[in-house]
Structures are given as structure tokens and as C-alpha cells.
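Student: One structure coming up, written as C-alpha cells, with questions to follow.
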Amino acid sequence: ENLRTKSTMNIFRLVGDLTHIFAITFLLSNICHTKSSANISAKSQILYLIVFLTRYLDLFTNFVSLYNTLLKISFIILTFITIYLVCIKYAKTFDRQRDTFWVS
């Protein structure tokens with residue numbers, strides 16, 4: 001059997017994916033609980049969204065698994081929600097002067 005066609009779940013990928021989802025949801029819960037986007041880089045979040053959107057373009061061409069598809073969509077949606085909270089809902093608490101992540 002070809003190893004490339006064999007669909008098995010790697011424990012390290014699972015742990016990494018779950019840790020990533022936990023980190024994003026922890027960030028979102030912290031923003032919602034404090035009702036503040038202070039000390040969060042909007043520029044970094046926008047770059048994350050760009051990376052996820054370009055990295056996961058294969059959603060439209062290749063179906064790997066339901067897990068894979070849902071995870072990719074979750075990363076995109078959760079990052080979009082983070083940007084919305086930082087830049088729109090709690091924009092008054094966002095300090096653009098302190099968002100020193102260099103983007104040009």
C-alpha cells in the first residue's frame with residue numbers, strides 16, 4: 001500500500017493541532033472576558049489570516065479528510081473573529097502605537 005494514500009492520524013499532528021486550537025480559543029476568550037484588545041498585534045493576526053488563506057487554498061481542490069477540512073476552516077474563521085474583535089469591536093482599547101510589528 002502506498003504510504004502517500006494511506007490516511008492515518010499522526011499523534012504529533014493531532015497534539016499540535018489541538019494545541020493551536022486551544023491557543024486561539026484562549027486568546028479569543030481572554031479578549032472577550034477582558035473586553036479589551038490591548039497588547040494584541042492586529043498586524044500579526046492579519047498576517048496569520050493571509051497565511052492561512054493562502055496555505056489552505058487546497059480546500060477547493062483536494063479533499064483529504066473531514067478532520068483536515070474542518071480544522072483548516074476553523075483556523076480561518078477563528079483568526080477572522082480575532083481580527084474583528086481587535087480591529088472593530090474593541091478597537092478603542094487597541095493601541096496602534098504599541099503594535100510595533102514591522103510590515104511594509
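Residues in the C-alpha cells are named by chain (A, B, ... in the order shown) and by number from 1 within that chain; ligands are numbered from 1 in the order shown.
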I'd like the neighbourhood of Ile83 of chain A as a ChimeraX atom specification, where a residue qualifies if any of its atoms comes within 8 Å (using only C-alpha atoms), though same-chain residues fewer than 4 positions away should be ignored.

Tutor: /A:42,45-46,79,87-88

Student: Next, the residues of the selection above should be written as a PDB file, in the first residue's frame with all heavy atoms.

Tutor:
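Writing the result to again-v3.pdb gives the following:
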```
ATOM      1  N   ALA A  42      -2.637  43.483  15.890  1.00  0.00           N
ATOM      2  CA  ALA A  42      -3.578  43.302  14.780  1.00  0.00           C
ATOM      3  C   ALA A  42      -2.823  42.936  13.512  1.00  0.00           C
ATOM      4  O   ALA A  42      -3.295  42.124  12.708  1.00  0.00           O
ATOM      5  CB  ALA A  42      -4.392  44.576  14.568  1.00  0.00           C
ATOM      6  N   GLN A  45      -2.139  39.264  13.475  1.00  0.00           N
ATOM      7  CA  GLN A  45      -3.354  38.499  13.212  1.00  0.00           C
ATOM      8  C   GLN A  45      -3.740  38.560  11.735  1.00  0.00           C
ATOM      9  O   GLN A  45      -4.162  37.560  11.147  1.00  0.00           O
ATOM     10  CB  GLN A  45      -4.504  39.000  14.093  1.00  0.00           C
ATOM     11  CG  GLN A  45      -4.296  38.768  15.576  1.00  0.00           C
ATOM     12  CD  GLN A  45      -4.044  37.316  15.910  1.00  0.00           C
ATOM     13  OE1 GLN A  45      -4.743  36.426  15.444  1.00  0.00           O
ATOM     14  NE2 GLN A  45      -3.046  37.053  16.741  1.00  0.00           N
ATOM     15  N   ILE A  46      -3.570  39.723  11.116  1.00  0.00           N
ATOM     16  CA  ILE A  46      -3.864  39.862   9.692  1.00  0.00           C
ATOM     17  C   ILE A  46      -2.904  39.007   8.876  1.00  0.00           C
ATOM     18  O   ILE A  46      -3.314  38.339   7.913  1.00  0.00           O
ATOM     19  CB  ILE A  46      -3.822  41.343   9.272  1.00  0.00           C
ATOM     20  CG1 ILE A  46      -4.997  42.080   9.911  1.00  0.00           C
ATOM     21  CG2 ILE A  46      -3.842  41.489   7.757  1.00  0.00           C
ATOM     22  CD1 ILE A  46      -4.919  43.593   9.830  1.00  0.00           C
ATOM     23  N   THR A  79      -9.364  33.066  13.267  1.00  0.00           N
ATOM     24  CA  THR A  79      -8.451  34.192  13.044  1.00  0.00           C
ATOM     25  C   THR A  79      -9.222  35.412  12.567  1.00  0.00           C
ATOM     26  O   THR A  79      -8.945  36.541  12.988  1.00  0.00           O
ATOM     27  CB  THR A  79      -7.351  33.811  12.037  1.00  0.00           C
ATOM     28  OG1 THR A  79      -6.691  32.625  12.511  1.00  0.00           O
ATOM     29  CG2 THR A  79      -6.331  34.919  11.883  1.00  0.00           C
ATOM     30  N   CYS A  87      -9.861  44.798  15.815  1.00  0.00           N
ATOM     31  CA  CYS A  87      -9.921  45.995  14.962  1.00  0.00           C
ATOM     32  C   CYS A  87     -11.266  46.701  14.943  1.00  0.00           C
ATOM     33  O   CYS A  87     -11.329  47.877  14.576  1.00  0.00           O
ATOM     34  CB  CYS A  87      -9.540  45.621  13.532  1.00  0.00           C
ATOM     35  SG  CYS A  87      -7.851  45.038  13.372  1.00  0.00           S
ATOM     36  N   ILE A  88     -12.331  46.005  15.330  1.00  0.00           N
ATOM     37  CA  ILE A  88     -13.658  46.622  15.238  1.00  0.00           C
ATOM     38  C   ILE A  88     -14.352  46.687  16.599  1.00  0.00           C
ATOM     39  O   ILE A  88     -14.611  47.774  17.118  1.00  0.00           O
ATOM     40  CB  ILE A  88     -14.536  45.885  14.199  1.00  0.00           C
ATOM     41  CG1 ILE A  88     -13.891  46.021  12.813  1.00  0.00           C
ATOM     42  CG2 ILE A  88     -15.956  46.429  14.194  1.00  0.00           C
ATOM     43  CD1 ILE A  88     -14.514  45.192  11.732  1.00  0.00           C
TER      44      ILE A  88
END
```

Student: Which is closest to Phe94 of chain A among A:Lys43, A:His20, A:His33, A:Arg13, if we use only C-alpha atoms?

Tutor: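 Of the candidates, the smallest distance to Phe94 of chain A is held by A:Lys43.
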
Student: Report, in Å to a single decimal, how far apart atom CA of Tyr48 of chain A and atom CA of Phe60 of chain A are.

Tutor: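 So the two atoms, atom CA of Phe60 of chain A and atom CA of Tyr48 of chain A, lie 19.5 Å apart.
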
Student: For Thr34 of chain A, please output as a PyMOL selection string all residues within 12 Å (counting only C-alpha atoms; exclusion window: fewer than 4 positions along the same chain).

Tutor: chain A and resi 27-30+38-39+85+90+93

Student: Looking at only C-alpha atoms, which of A:Ile21, A:Ile40, A:Cys32, A:Val86 is the one that sits closest to Lys72 of chain A?

Tutor: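 Smallest separation from Lys72 of chain A among the options: A:Ile21.
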
Student: Would you kindly return, as a list in words, each protein, DNA or RNA residue with an atom no farther than 12 Å from any atom of Asp17 of chain A, considering only C-alpha atoms and excluding same-chain residues fewer than 3 positions away?

Tutor: Met9, Asn10, Ile11, Phe12, Arg13, Leu14, His20, Ile21, Phe22, Ala23, Ile24, Tyr67, Asn68, Leu70, Leu71, Lys72, Ser74 and Phe75 of chain A

Student: With N, CA and C atoms kept, could you save the residues just selected as a CSV table (one decimal), in the first residue's frame?

Tutor:
```
chain,number,residue,atom,x,y,z
A,9,MET,N,-3.7,9.0,11.3
A,9,MET,CA,-3.6,10.2,12.1
A,9,MET,C,-2.3,10.1,12.9
A,10,ASN,N,-1.4,11.1,12.7
A,10,ASN,CA,-0.2,11.2,13.4
A,10,ASN,C,-0.4,11.9,14.7
A,11,ILE,N,0.0,11.2,15.8
A,11,ILE,CA,-0.3,11.8,17.2
A,11,ILE,C,0.4,13.1,17.4
A,12,PHE,N,1.5,13.4,16.8
A,12,PHE,CA,2.2,14.7,16.9
A,12,PHE,C,1.4,15.8,16.2
A,13,ARG,N,0.8,15.4,15.1
A,13,ARG,CA,0.0,16.4,14.4
A,13,ARG,C,-1.3,16.7,15.2
A,14,LEU,N,-1.9,15.7,15.7
A,14,LEU,CA,-3.1,15.8,16.5
A,14,LEU,C,-2.8,16.7,17.7
A,20,HIS,N,-2.9,24.3,19.0
A,20,HIS,CA,-3.1,25.5,18.2
A,20,HIS,C,-4.5,26.0,18.4
A,21,ILE,N,-5.5,25.1,18.3
A,21,ILE,CA,-6.9,25.5,18.5
A,21,ILE,C,-7.1,26.0,19.9
A,22,PHE,N,-6.5,25.3,20.9
A,22,PHE,CA,-6.6,25.8,22.3
A,22,PHE,C,-6.0,27.2,22.4
A,23,ALA,N,-4.8,27.5,21.8
A,23,ALA,CA,-4.2,28.8,21.9
A,23,ALA,C,-5.1,29.9,21.3
A,24,ILE,N,-5.7,29.6,20.2
A,24,ILE,CA,-6.6,30.6,19.5
A,24,ILE,C,-7.8,30.8,20.4
A,67,TYR,N,-11.7,15.8,9.1
A,67,TYR,CA,-10.9,16.5,10.2
A,67,TYR,C,-10.1,17.6,9.6
A,68,ASN,N,-9.3,17.3,8.5
A,68,ASN,CA,-8.5,18.3,7.9
A,68,ASN,C,-9.2,19.5,7.4
A,70,LEU,N,-12.3,20.6,8.4
A,70,LEU,CA,-12.8,21.4,9.5
A,70,LEU,C,-11.8,22.1,10.2
A,71,LEU,N,-10.6,21.6,10.4
A,71,LEU,CA,-9.5,22.2,11.1
A,71,LEU,C,-9.1,23.5,10.3
A,72,LYS,N,-8.9,23.4,9.0
A,72,LYS,CA,-8.5,24.5,8.2
A,72,LYS,C,-9.5,25.6,8.2
A,74,SER,N,-11.7,26.1,10.6
A,74,SER,CA,-11.7,26.6,11.9
A,74,SER,C,-10.6,27.7,12.1
A,75,PHE,N,-9.4,27.4,11.7
A,75,PHE,CA,-8.3,28.3,11.8
A,75,PHE,C,-8.6,29.6,11.1
```

Student: Can you list, as an NGL selection string, all residues belonging to chain A that DSSP tags as helix (DSSP H, G or I)?

Tutor: :A and (11-34 or 42-55 or 57-60 or 66-89 or 91-93)
